[in-house]
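Below: start_16.cif (mmCIF, C-alpha atoms)
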```
data_target
#
loop_
_atom_site.label_atom_id
_atom_site.label_comp_id
_atom_site.auth_asym_id
_atom_site.auth_seq_id
_atom_site.Cartn_x
_atom_site.Cartn_y
_atom_site.Cartn_z
CA MET A 1231 -17.77 -0.08 22.87
CA PRO A 1232 -19.46 -2.09 20.10
CA LEU A 1233 -17.54 -5.22 19.28
CA ILE A 1234 -16.72 -6.85 15.99
CA ARG A 1235 -14.58 -9.93 16.41
CA ALA A 1236 -11.51 -10.25 14.22
CA VAL A 1237 -12.31 -13.88 13.59
CA GLN A 1238 -15.58 -12.88 11.90
CA LEU A 1239 -13.73 -10.58 9.52
CA CYS A 1240 -11.14 -13.28 8.82
CA GLN A 1241 -13.82 -15.87 8.15
CA GLU A 1242 -15.51 -13.45 5.77
CA ALA A 1243 -12.20 -12.93 3.98
CA GLU A 1244 -11.62 -16.68 3.81
CA ARG A 1245 -15.07 -17.21 2.31
CA ASN A 1246 -14.65 -14.41 -0.25
CA PRO A 1247 -11.19 -14.54 -1.77
CA PRO A 1248 -10.46 -12.06 -4.55
CA PRO A 1249 -11.18 -13.60 -7.96
CA ASP A 1250 -8.48 -15.00 -10.23
CA LEU A 1251 -5.86 -15.43 -7.55
CA SER A 1252 -2.82 -17.31 -8.80
CA PRO A 1253 -1.89 -20.39 -6.75
CA ALA A 1254 1.12 -18.52 -5.34
CA ARG A 1255 -0.98 -15.57 -4.24
CA ALA A 1256 -3.67 -17.82 -2.82
CA ARG A 1257 -1.01 -19.60 -0.78
CA LEU A 1258 0.45 -16.32 0.47
CA ARG A 1259 -2.99 -14.96 1.26
CA GLY A 1260 -3.76 -18.11 3.25
CA ALA A 1261 -0.49 -17.79 5.13
CA ALA A 1262 -1.22 -14.13 5.88
CA LEU A 1263 -4.72 -14.90 7.17
CA ALA A 1264 -3.36 -17.72 9.33
CA LEU A 1265 -0.68 -15.42 10.74
CA LEU A 1266 -3.23 -12.71 11.38
CA GLU A 1267 -5.47 -15.10 13.30
CA ARG A 1268 -2.68 -16.93 15.13
CA GLU A 1269 -1.06 -13.75 16.41
CA GLU A 1270 -4.36 -11.90 16.83
CA LEU A 1271 -2.99 -9.00 14.81
CA ALA A 1272 -6.36 -7.41 14.07
CA GLN A 1273 -8.13 -5.69 16.92
CA PRO A 1274 -11.18 -4.29 15.13
CA ALA A 1275 -13.15 -1.55 16.79
CA TYR A 1276 -15.62 1.04 15.63
CA CYS A 1277 -17.62 3.92 17.00
CA PHE A 1278 -20.14 6.34 15.57
CA ARG A 1279 -22.57 9.08 16.50
CA LEU A 1280 -25.66 10.47 14.87
CA VAL A 1281 -25.27 14.20 15.35
CA PRO A 1282 -28.20 16.58 14.78
CA LEU A 1283 -27.52 19.67 12.69
CA ASP A 1284 -27.01 22.84 14.71
CA ALA A 1285 -28.71 24.88 11.98
CA PRO A 1286 -30.90 24.18 8.94
CA ALA A 1287 -28.99 22.31 6.26
CA GLY A 1288 -26.84 24.56 4.11
CA SER A 1289 -23.30 25.15 3.08
CA PRO A 1290 -21.38 24.59 5.27
CA LEU A 1291 -23.17 21.97 7.34
CA ARG A 1292 -23.06 22.75 11.05
CA ALA A 1293 -23.31 19.91 13.54
CA GLY A 1294 -21.93 19.23 17.01
CA GLY A 1295 -20.15 22.57 16.99
CA GLU A 1296 -18.23 21.66 13.84
CA GLU A 1297 -18.50 22.94 10.28
CA LEU A 1298 -18.21 20.63 7.29
CA LEU A 1299 -18.15 21.67 3.65
CA ALA A 1300 -20.01 18.66 2.30
CA ASP A 1301 -22.48 19.99 -0.23
CA ARG A 1302 -22.97 16.56 -1.74
CA LEU A 1303 -24.91 15.58 1.34
CA LEU A 1304 -27.51 18.30 0.67
CA PRO A 1305 -30.50 16.36 -0.66
CA ASP A 1306 -32.62 17.16 -3.70
CA SER A 1307 -35.70 16.37 -1.65
CA GLY A 1308 -36.57 15.39 1.90
CA GLU A 1309 -34.94 17.00 4.90
CA LEU A 1310 -31.38 16.60 6.09
CA THR A 1311 -31.50 16.74 9.89
CA GLY A 1312 -28.13 15.43 10.95
CA LEU A 1313 -24.89 13.64 10.18
CA ALA A 1314 -23.85 10.10 10.92
CA CYS A 1315 -20.13 10.19 11.67
CA GLY A 1316 -18.14 7.02 12.27
CA ALA A 1317 -14.66 5.65 12.57
CA CYS A 1318 -13.23 2.15 12.61
CA THR A 1319 -9.80 0.62 12.93
CA LEU A 1320 -7.95 -2.68 12.89
CA GLY A 1321 -5.58 -1.37 15.57
CA PRO A 1322 -1.83 -0.78 15.58
CA ALA A 1323 -0.47 -4.34 15.76
CA LEU A 1324 -0.91 -5.09 12.07
CA GLU A 1325 1.23 -2.31 10.72
CA ALA A 1326 3.97 -3.10 13.22
CA ARG A 1327 3.96 -6.76 12.16
CA ILE A 1328 4.04 -5.84 8.46
CA ARG A 1329 7.02 -3.59 9.09
CA GLY A 1330 8.68 -6.36 11.05
CA LEU A 1331 8.21 -8.87 8.24
CA PHE A 1332 9.99 -6.54 5.85
CA GLY A 1333 12.75 -6.26 8.43
CA ASP A 1334 12.95 -10.07 8.49
CA ARG A 1335 13.10 -10.07 4.67
CA GLN A 1336 9.78 -11.86 4.35
CA ALA A 1337 8.58 -9.29 1.86
CA ALA A 1338 6.06 -11.50 0.06
CA LEU A 1339 4.28 -12.39 3.28
CA ALA A 1340 4.41 -8.72 4.33
CA VAL A 1341 2.73 -7.65 1.09
CA ALA A 1342 0.13 -10.40 1.43
CA LEU A 1343 -0.58 -9.37 5.03
CA ASP A 1344 -0.99 -5.75 3.95
CA GLU A 1345 -3.42 -6.81 1.22
CA VAL A 1346 -5.44 -8.90 3.66
CA ALA A 1347 -5.46 -5.99 6.12
CA ASN A 1348 -6.86 -3.75 3.38
CA GLU A 1349 -9.60 -6.29 2.71
CA LEU A 1350 -10.43 -6.46 6.41
CA VAL A 1351 -10.57 -2.70 6.91
CA LEU A 1352 -12.88 -2.42 3.89
CA ALA A 1353 -15.12 -5.11 5.36
CA LEU A 1354 -15.03 -3.39 8.73
CA GLY A 1355 -16.01 -0.10 7.07
CA ARG A 1356 -19.00 -1.79 5.47
CA ARG A 1357 -20.08 -3.11 8.87
CA LEU A 1358 -19.71 0.34 10.37
CA PHE A 1359 -21.88 1.75 7.58
CA ASP A 1360 -24.50 -0.96 8.19
CA ARG A 1361 -24.62 -0.23 11.90
CA MET A 1362 -25.01 3.49 11.33
CA LEU A 1363 -27.82 2.74 8.90
CA MET A 1364 -29.53 0.42 11.40
CA GLU A 1365 -29.33 3.06 14.12
CA ALA A 1366 -30.72 5.72 11.79
CA ARG A 1367 -33.63 3.44 10.86
CA ARG A 1368 -34.24 2.61 14.52
CA ARG A 1369 -34.77 6.33 15.05
CA GLY A 1370 -37.14 6.52 12.10
CA LEU A 1371 -34.63 8.30 9.90
CA THR A 1372 -33.21 7.66 6.45
CA MET A 1373 -29.53 7.76 5.60
CA ALA A 1374 -27.97 8.72 2.28
CA GLY A 1375 -24.58 9.43 0.81
CA GLU A 1376 -21.21 8.36 2.11
CA LEU A 1377 -18.22 10.66 2.23
CA ARG A 1378 -14.75 10.09 3.54
CA ALA A 1379 -12.37 12.96 4.22
CA GLY A 1380 -10.11 13.28 1.20
CA ASP A 1381 -12.77 12.11 -1.25
CA PRO A 1382 -14.17 14.52 -3.83
CA GLY A 1383 -16.89 16.32 -1.89
CA LEU A 1384 -15.15 16.39 1.49
CA GLU A 1385 -11.74 17.96 1.92
CA LEU A 1386 -9.08 16.00 3.77
CA ALA A 1387 -8.87 19.02 6.04
CA ALA A 1388 -12.26 17.94 7.44
CA GLN A 1389 -10.70 14.87 9.02
CA PRO A 1390 -10.14 16.40 12.49
CA ALA A 1391 -13.78 17.51 12.67
CA VAL A 1392 -15.00 14.07 11.55
CA LEU A 1393 -12.89 12.40 14.22
CA ARG A 1394 -14.25 14.72 16.89
CA LEU A 1395 -17.82 14.19 15.74
CA ALA A 1396 -17.37 10.40 15.76
CA GLU A 1397 -15.51 10.57 19.09
CA ALA A 1398 -12.89 8.38 17.48
CA ALA A 1399 -10.50 8.80 20.39
CA ARG A 1400 -12.65 6.19 22.16
CA ILE A 1401 -11.22 3.53 19.86
CA GLY A 1402 -7.72 4.97 19.71
CA VAL A 1403 -7.96 6.56 16.27
CA ALA A 1404 -6.19 9.88 16.04
CA LEU A 1405 -4.48 12.11 13.53
CA HIS A 1406 -0.81 12.11 12.85
CA GLY A 1407 0.69 15.30 11.44
CA GLY A 1408 -0.89 15.94 8.07
CA GLN A 1409 -4.39 14.51 8.52
CA LEU A 1410 -3.12 10.93 8.38
CA LEU A 1411 -5.11 8.46 10.45
CA LYS A 1412 -3.20 6.48 13.02
CA PRO A 1413 -3.40 3.46 13.17
CA ILE A 1414 -3.03 3.44 9.39
CA LYS A 1415 -5.59 0.68 8.86
CA SER A 1416 -8.45 2.94 9.94
CA VAL A 1417 -11.37 4.54 8.14
CA THR A 1418 -13.74 7.40 8.89
CA MET A 1419 -17.00 8.24 7.18
CA VAL A 1420 -19.78 10.80 7.15
CA CYS A 1421 -23.32 10.20 5.90
CA GLY A 1422 -26.39 12.38 5.78
CA ILE A 1423 -29.40 11.44 7.90
CA GLY A 1424 -32.88 12.90 7.86
CA ARG A 1425 -36.43 12.47 6.72
CA ASP A 1426 -37.26 10.95 3.34
CA LEU A 1427 -33.78 11.44 1.96
CA PRO A 1428 -33.54 10.17 -1.62
CA ALA A 1429 -30.87 7.63 -2.51
CA SER A 1430 -27.77 9.48 -3.59
CA HIS A 1431 -27.03 9.44 -7.31
CA TRP A 1432 -23.30 9.62 -6.81
CA SER A 1433 -20.66 7.35 -5.40
CA ARG A 1434 -17.44 8.22 -3.63
CA CYS A 1435 -15.71 6.09 -6.27
CA ASP A 1436 -16.99 8.11 -9.25
CA GLU A 1437 -13.98 10.38 -9.55
CA CYS A 1438 -11.36 8.14 -8.02
CA PRO A 1439 -8.21 8.16 -10.17
CA SER A 1440 -7.62 4.52 -9.24
CA ALA A 1441 -11.03 3.44 -10.57
CA PRO A 1442 -9.75 2.00 -13.88
CA ARG A 1443 -7.47 -0.42 -12.04
CA CYS A 1444 -9.59 -0.96 -8.94
CA ARG A 1445 -10.15 -4.67 -8.42
CA LEU A 1446 -12.89 -4.06 -5.88
CA ARG A 1447 -14.80 -2.01 -8.43
CA ALA A 1448 -14.29 -4.65 -11.11
CA ARG A 1449 -15.51 -7.28 -8.67
CA THR A 1450 -18.61 -5.25 -7.84
CA ALA A 1451 -19.30 -4.61 -11.52
CA GLY A 1452 -18.88 -8.32 -12.23
CA ALA A 1453 -21.33 -9.17 -9.46
CA SER A 1454 -23.84 -6.64 -10.85
CA VAL A 1455 -23.59 -8.12 -14.34
CA ALA A 1456 -23.96 -11.61 -12.93
CA ALA A 1457 -27.09 -10.54 -11.09
CA LEU A 1458 -28.81 -9.32 -14.25
CA MET B 55 15.65 -20.26 -24.26
CA SER B 56 16.80 -22.75 -26.88
CA GLU B 57 20.25 -22.99 -25.30
CA LEU B 58 18.81 -24.31 -22.03
CA ASN B 59 18.88 -28.00 -21.22
CA GLY B 60 15.83 -29.68 -19.72
CA GLU B 61 16.80 -29.11 -16.11
CA GLU B 62 17.70 -25.49 -16.68
CA LYS B 63 14.45 -24.82 -18.47
CA GLN B 64 12.59 -26.50 -15.63
CA LEU B 65 14.23 -24.17 -13.09
CA VAL B 66 13.42 -21.08 -15.13
CA ASP B 67 9.82 -22.22 -15.57
CA TRP B 68 9.30 -23.10 -11.92
CA LEU B 69 10.74 -19.78 -10.78
CA ALA B 70 8.67 -17.81 -13.28
CA ASP B 71 5.54 -19.81 -12.44
CA MET B 72 6.01 -19.22 -8.69
CA ASN B 73 6.47 -22.90 -7.88
CA GLU B 74 8.61 -21.90 -4.93
CA ASP B 75 9.25 -25.26 -3.25
CA GLN B 76 10.10 -27.15 -6.43
CA ALA B 77 12.25 -24.32 -7.76
CA LEU B 78 14.27 -23.97 -4.58
CA ASP B 79 14.71 -27.75 -4.25
CA LEU B 80 15.97 -27.94 -7.83
CA ALA B 81 18.30 -24.96 -7.38
CA ARG B 82 19.67 -26.52 -4.18
CA ARG B 83 20.30 -29.83 -5.93
CA MET B 84 21.94 -28.17 -8.94
CA LEU B 85 24.24 -26.12 -6.73
CA LEU B 86 25.02 -28.37 -3.80
CA GLN B 87 24.73 -31.90 -5.19
CA ASP B 88 25.43 -31.63 -8.89
CA GLY B 89 28.10 -28.96 -8.54
CA ARG B 90 26.66 -26.78 -11.29
CA ASP B 91 28.32 -23.43 -11.99
CA PRO B 92 26.71 -20.98 -9.53
CA LEU B 93 27.02 -18.15 -12.03
CA ARG B 94 25.00 -20.19 -14.50
CA VAL B 95 22.30 -20.81 -11.88
CA LEU B 96 22.15 -17.09 -11.14
CA GLU B 97 21.88 -16.43 -14.86
CA LEU B 98 18.87 -18.78 -14.96
CA CYS B 99 17.36 -16.78 -12.10
CA ARG B 100 17.85 -13.59 -14.08
CA MET B 101 16.09 -15.16 -17.06
CA SER B 102 13.15 -16.12 -14.85
CA MET B 103 13.02 -12.60 -13.41
CA ASP B 104 12.83 -11.25 -16.95
CA ILE B 105 9.77 -13.42 -17.53
CA VAL B 106 8.24 -12.31 -14.22
CA GLY B 107 8.88 -8.66 -15.10
CA LYS B 108 7.22 -9.13 -18.48
CA ARG B 109 4.19 -10.80 -16.93
CA PHE B 110 4.01 -7.93 -14.42
CA GLU B 111 4.08 -5.34 -17.20
CA GLU B 112 1.39 -7.25 -19.09
CA GLY B 113 -0.87 -7.34 -16.05
CA GLU B 114 -0.71 -11.09 -15.62
CA TYR B 115 1.26 -10.76 -12.38
CA PHE B 116 0.78 -8.26 -9.59
CA LEU B 117 3.00 -6.94 -6.86
CA PRO B 118 2.87 -10.08 -4.67
CA GLU B 119 4.24 -12.25 -7.48
CA LEU B 120 6.97 -9.70 -8.14
CA VAL B 121 8.00 -9.69 -4.50
CA LEU B 122 7.78 -13.47 -4.19
CA ALA B 123 10.02 -13.81 -7.24
CA GLY B 124 12.46 -11.45 -5.56
CA GLU B 125 12.44 -13.59 -2.44
CA MET B 126 13.13 -16.75 -4.44
CA LEU B 127 15.95 -15.01 -6.25
CA GLU B 128 17.41 -13.92 -2.94
CA GLN B 129 17.24 -17.46 -1.55
CA VAL B 130 18.95 -18.94 -4.59
CA GLY B 131 21.51 -16.15 -4.41
CA ARG B 132 22.19 -16.98 -0.77
CA MET B 133 22.93 -20.59 -1.77
CA ALA B 134 24.99 -19.66 -4.83
CA LYS B 135 27.16 -16.79 -3.67
CA PRO B 136 29.40 -18.72 -1.22
CA LEU B 137 30.17 -21.11 -4.07
CA ILE B 138 31.36 -18.39 -6.42
CA LYS B 139 35.15 -18.27 -6.61
CA ASP B 140 37.31 -15.14 -6.71
CA GLY B 141 35.34 -13.23 -4.10
CA GLY B 142 32.03 -13.55 -5.84
CA GLY B 143 30.40 -14.01 -2.44
CA ALA B 144 30.92 -10.34 -1.72
CA GLN B 145 29.44 -9.03 -4.93
CA LYS B 146 30.13 -5.39 -5.70
CA LYS B 147 27.07 -3.19 -5.29
CA LEU B 148 25.78 -1.33 -8.32
CA GLY B 149 25.24 1.97 -6.57
CA ARG B 150 23.83 3.57 -3.45
CA VAL B 151 20.22 4.52 -2.93
CA LEU B 152 18.88 6.42 0.06
CA ILE B 153 15.15 6.03 0.54
CA GLY B 154 12.56 7.27 3.01
CA THR B 155 8.95 8.39 3.40
CA VAL B 156 8.72 12.17 3.59
CA HIS B 157 7.62 14.06 6.67
CA GLY B 158 3.94 13.95 7.56
CA ASP B 159 3.40 10.53 5.98
CA LEU B 160 3.60 7.21 7.79
CA HIS B 161 3.03 4.88 4.86
CA ASP B 162 5.86 2.49 4.31
CA ILE B 163 4.61 -0.51 2.37
CA GLY B 164 5.58 0.92 -1.03
CA LYS B 165 8.91 2.15 0.26
CA ASN B 166 9.67 -1.24 1.77
CA ILE B 167 8.87 -3.02 -1.48
CA VAL B 168 11.09 -0.66 -3.49
CA THR B 169 13.87 -1.08 -0.91
CA PHE B 170 13.61 -4.85 -1.19
CA MET B 171 13.55 -4.88 -4.98
CA LEU B 172 16.52 -2.50 -5.24
CA ASP B 173 18.44 -4.62 -2.77
CA ILE B 174 17.90 -7.91 -4.59
CA ASN B 175 18.84 -6.16 -7.84
CA GLY B 176 22.26 -5.38 -6.44
CA PHE B 177 21.98 -1.85 -5.06
CA GLU B 178 23.18 -0.80 -1.63
CA VAL B 179 20.06 0.67 -0.09
CA LYS B 180 19.71 2.68 3.09
CA ASP B 181 16.12 2.94 4.29
CA ILE B 182 15.73 5.79 6.77
CA GLY B 183 12.12 5.07 7.63
CA ILE B 184 8.90 7.03 7.64
CA ASP B 185 7.92 10.61 8.50
CA VAL B 186 11.49 11.71 7.76
CA PRO B 187 12.23 15.42 8.37
CA VAL B 188 14.02 17.39 5.66
CA GLN B 189 17.13 17.84 7.79
CA LYS B 190 17.39 14.10 8.40
CA PHE B 191 17.40 13.50 4.63
CA ILE B 192 20.13 16.13 4.21
CA ASP B 193 22.24 14.64 7.01
CA GLU B 194 21.89 11.15 5.55
CA VAL B 195 22.85 12.33 2.06
CA ASN B 196 26.01 13.87 3.49
CA GLU B 197 26.84 10.74 5.46
CA PHE B 198 25.77 7.93 3.11
CA GLN B 199 26.74 9.69 -0.15
CA PRO B 200 24.02 8.04 -2.26
CA ASP B 201 23.80 8.16 -6.04
CA VAL B 202 20.02 8.24 -5.92
CA VAL B 203 17.50 9.46 -3.36
CA GLY B 204 14.00 7.98 -3.34
CA LEU B 205 11.24 10.03 -1.73
CA SER B 206 8.13 8.06 -0.94
CA GLY B 207 4.71 9.34 0.03
CA PHE B 208 1.16 8.11 -0.29
CA LEU B 209 -0.91 11.10 0.71
CA THR B 210 -1.41 14.06 -1.58
CA LEU B 211 -0.04 16.10 1.31
CA ALA B 212 3.23 14.28 0.77
CA PHE B 213 3.69 16.20 -2.47
CA ASP B 214 4.38 19.36 -0.47
CA SER B 215 6.74 17.47 1.80
CA MET B 216 8.60 16.15 -1.24
CA LYS B 217 8.86 19.68 -2.59
CA ASP B 218 10.10 20.90 0.83
CA THR B 219 12.69 18.14 0.94
CA ILE B 220 14.03 18.88 -2.53
CA ARG B 221 14.10 22.61 -1.78
CA GLY B 222 16.03 21.72 1.37
CA PHE B 223 18.57 19.85 -0.77
CA GLU B 224 18.98 22.94 -2.95
CA GLN B 225 19.47 25.20 0.04
CA ALA B 226 21.99 22.77 1.53
CA GLY B 227 23.89 22.70 -1.77
CA ILE B 228 23.54 18.97 -2.27
CA ARG B 229 20.87 18.88 -4.98
CA ASP B 230 23.35 18.39 -7.80
CA ARG B 231 25.02 15.46 -6.08
CA VAL B 232 22.06 13.12 -6.32
CA ARG B 233 19.30 12.04 -8.66
CA ILE B 234 15.91 12.16 -7.01
CA MET B 235 13.02 9.83 -7.77
CA ILE B 236 9.59 10.00 -6.19
CA GLY B 237 6.89 7.39 -5.86
CA GLY B 238 3.78 6.27 -4.05
CA GLY B 239 0.08 7.02 -4.29
CA GLN B 240 -1.06 9.13 -7.18
CA ILE B 241 2.27 10.32 -8.51
CA ASP B 242 2.45 11.50 -12.08
CA GLU B 243 4.39 13.93 -14.28
CA THR B 244 2.50 16.91 -12.85
CA VAL B 245 3.58 15.94 -9.35
CA ARG B 246 7.14 15.34 -10.48
CA SER B 247 7.27 18.78 -12.00
CA TYR B 248 5.69 20.35 -8.89
CA THR B 249 8.15 18.74 -6.52
CA GLY B 250 11.25 19.30 -8.65
CA ALA B 251 12.23 15.62 -8.65
CA ASP B 252 14.17 14.14 -11.57
CA ALA B 253 11.75 11.29 -12.23
CA PHE B 254 8.84 9.37 -10.83
CA GLY B 255 8.00 5.69 -10.77
CA ILE B 256 4.61 4.09 -10.46
CA ASN B 257 5.89 0.76 -9.19
CA ALA B 258 8.96 -0.99 -7.85
CA VAL B 259 10.05 -2.21 -11.27
CA GLU B 260 10.17 1.34 -12.59
CA ALA B 261 12.17 2.42 -9.56
CA VAL B 262 14.74 -0.30 -10.22
CA ASN B 263 14.88 0.52 -13.93
CA LEU B 264 15.31 4.24 -13.18
CA CYS B 265 18.26 3.55 -10.91
CA LYS B 266 19.81 1.23 -13.48
CA ARG B 267 19.36 3.80 -16.22
CA TRP B 268 20.86 6.59 -14.14
CA LEU B 269 23.82 4.45 -13.17
CA GLN B 270 24.10 3.19 -16.74
CA ILE B 271 23.58 -0.43 -15.87
CA ALA B 272 22.02 -2.67 -18.48
CA ALA B 273 18.49 -3.58 -17.36
#
```
structure tokens encoding of this file:
Amino acid sequence: MPLIRAVQLCQEAERNPPPDLSPARARLRGAALALLEREELAQPAYCFRLVPLDAPAGSPLRAGGEELLADRLLPDSGELTGLACGACTLGPALEARIRGLFGDRQAALAVALDEVANELVLALGRRLFDRMLMEARRRGLTMAGELRAGDPGLELAAQPAVLRLAEAARIGVALHGGQLLKPIKSVTMVCGIGRDLPASHWSRCDECPSAPRCRLRARTAGASVAAL
Amino acid sequence: MSELNGEEKQLVDWLADMNEDQALDLARRMLLQDGRDPLRVLELCRMSMDIVGKRFEEGEYFLPELVLAGEMLEQVGRMAKPLIKDGGGAQKKLGRVLIGTVHGDLHDIGKNIVTFMLDINGFEVKDIGIDVPVQKFIDEVNEFQPDVVGLSGFLTLAFDSMKDTIRGFEQAGIRDRVRIMIGGGQIDETVRSYTGADAFGINAVEAVNLCKRWLQIAA
């Protein structure tokens, strides 16, 4: 199983704190990161597969014996030949510790630990994406688009198929009841792979109702402006 | 805050500015060394919480500050309450709130925050956990006799579970005994109407204010 060490994710988080943190929040964030490292609460793992299409690209997409309604992955040009399906997780210890902190009435530290865990799972998701991209390139393919079950463009009901395609059971990621990933701090994704795929002109964030108050988006926009 | 003396103003400022160590040291000294009226110290805490709440509403503070302020308030309260005469140590609760995450959803961070904030605001809260079946909610309502029930859920799928739960209350004949608030994720008026809840809250402050309004307690 490919390995990403928790300490690398923590170091990345330490190097890149969210902007405009108040002193109190910075202190809590530091305490949460220290707790996370000291108790080894994050056990990051990821897995992915590049799955060839079973039939020429169309709606639905057929790959690995599964059907996905993911029309956004159909390219304007080039040839879609397969799907890159991945999953990653921080493991179950974090959510148990967060729950325990609430039980111990350390709510502020619990909230800070949850926030840090969200940062880490986002960072882990980016690394998963990068590794899928590297593998696609190694095979002489291009990769475009990124969908996550529940986003506009891929129904949440597709989650079981995505997990099967990614073979997420290898890293202990499974579904609980209503399509909810367990452990909670887990992410799945599906990208299109093929020949000469154009860069996608959409983002999974475009229609997100949380976009106006999304700090990650604001941060990215700020970085883009700064780069100009 | 013109009626505050220098020390009192300092405590309010330190609490509102999240200077935890200084604020708690000062509160401890005022209560345990200087023999200040514990009710007055708690009043100062309330003033600081008002400032924190305002800064939260204005977007200057976020959830972590709100929760940290709650923790500081709780710590000062723990120091002050044994010093309050006439049984003040066992303060009467404002009302009962039953809260849980509906079936099919395992998210509990929002529920835990609301539970904590309700508790430090004087409510008796019973948290029955995550992925709670409809029948469990009904049984707990019958046993705990809450004034308010909070249904939490993060996933859009939770909206159906909330609706199921409220329909279950109707079928069990207990719907009229409680007010129901929902929260978590992308809740809005459309979802409230769909589920049949009485109100929705988009954060812990709104949940506390809803409960206070329903129980006719001055916010």
Taking the file above as input, evaluate the PyMOL selection byres ((chain A) within 10 of (chain B)) and report the hits as an mmCIF file with C-alpha atoms, keeping the file's coordinate frame.
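To be explicit, this is the file written out as out-v4.cif:
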```cif
data_model
loop_
_atom_site.group_PDB
_atom_site.id
_atom_site.type_symbol
_atom_site.label_atom_id
_atom_site.label_comp_id
_atom_site.auth_asym_id
_atom_site.auth_seq_id
_atom_site.Cartn_x
_atom_site.Cartn_y
_atom_site.Cartn_z
ATOM 1 C CA LEU A 1251 -5.860 -15.430 -7.550
ATOM 2 C CA SER A 1252 -2.820 -17.310 -8.800
ATOM 3 C CA PRO A 1253 -1.890 -20.390 -6.750
ATOM 4 C CA ALA A 1254 1.120 -18.520 -5.340
ATOM 5 C CA ARG A 1255 -0.980 -15.570 -4.240
ATOM 6 C CA LEU A 1258 0.450 -16.320 0.470
ATOM 7 C CA ARG A 1259 -2.990 -14.960 1.260
ATOM 8 C CA GLU A 1325 1.230 -2.310 10.720
ATOM 9 C CA ILE A 1328 4.040 -5.840 8.460
ATOM 10 C CA ARG A 1329 7.020 -3.590 9.090
ATOM 11 C CA PHE A 1332 9.990 -6.540 5.850
ATOM 12 C CA GLY A 1333 12.750 -6.260 8.430
ATOM 13 C CA ARG A 1335 13.100 -10.070 4.670
ATOM 14 C CA GLN A 1336 9.780 -11.860 4.350
ATOM 15 C CA ALA A 1337 8.580 -9.290 1.860
ATOM 16 C CA ALA A 1338 6.060 -11.500 0.060
ATOM 17 C CA LEU A 1339 4.280 -12.390 3.280
ATOM 18 C CA ALA A 1340 4.410 -8.720 4.330
ATOM 19 C CA VAL A 1341 2.730 -7.650 1.090
ATOM 20 C CA ALA A 1342 0.130 -10.400 1.430
ATOM 21 C CA ASP A 1344 -0.990 -5.750 3.950
ATOM 22 C CA GLU A 1345 -3.420 -6.810 1.220
ATOM 23 C CA GLY A 1380 -10.110 13.280 1.200
ATOM 24 C CA LEU A 1386 -9.080 16.000 3.770
ATOM 25 C CA HIS A 1406 -0.810 12.110 12.850
ATOM 26 C CA GLY A 1407 0.690 15.300 11.440
ATOM 27 C CA GLY A 1408 -0.890 15.940 8.070
ATOM 28 C CA GLN A 1409 -4.390 14.510 8.520
ATOM 29 C CA LEU A 1410 -3.120 10.930 8.380
ATOM 30 C CA LEU A 1411 -5.110 8.460 10.450
ATOM 31 C CA LYS A 1412 -3.200 6.480 13.020
ATOM 32 C CA PRO A 1413 -3.400 3.460 13.170
ATOM 33 C CA ILE A 1414 -3.030 3.440 9.390
ATOM 34 C CA PRO A 1439 -8.210 8.160 -10.170
ATOM 35 C CA SER A 1440 -7.620 4.520 -9.240
#
```
Box for range 61-72 of chain B - axis-aligned, 4 Å on each of the six sides, all listed atoms - centre and size in Å to one decimal, as JSON.
```
{"center_x": 11.6, "center_y": -23.5, "center_z": -13.6, "size_x": 20.2, "size_y": 19.3, "size_z": 17.8}
```
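Nearest residue to Gly149 in chain B, choosing from B:Phe177, B:Phe208, B:Phe198, B:Trp268 and counting all atoms listed in the file: B:Phe177.
Closest approach to Glu1269 in chain A from the set A:Ala1300, A:Met1364, A:Ala1236, A:Asp1436 is made by A:Ala1236, with distances taken over all atoms listed in the file.
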Which is closest to Thr1319 in chain A among A:Asn1348, A:Ala1429, A:Val1403, A:Leu1331, if we use only C-alpha atoms?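 With only C-alpha atoms as the atom set, the closest residue is A:Val1403.
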I need the output of the PyMOL selection byres ((chain B and resi 93-108) around 10) for this file as a PyMOL selection string; which residues are they? chain B and resi 55+58+62-72+81-82+84-85+90-92+109-116+119-120+123-124+126-128+130-131+134-135+137-139+142+175+259+273
Selection result of the PyMOL selection byres ((chain B and resi 192) around 12) on this file, as a PyMOL selection string: chain B and resi 152-154+182+186-191+193-200+203+218-229+231-232
Provide the CA of Cys1277 in chain A to CA of Ala1317 in chain A distance in Å, to one decimal place. 5.6 Å
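When CA of Asn263 in chain B is paired with CA of Leu172 in chain B, their separation reads 9.3 Å.
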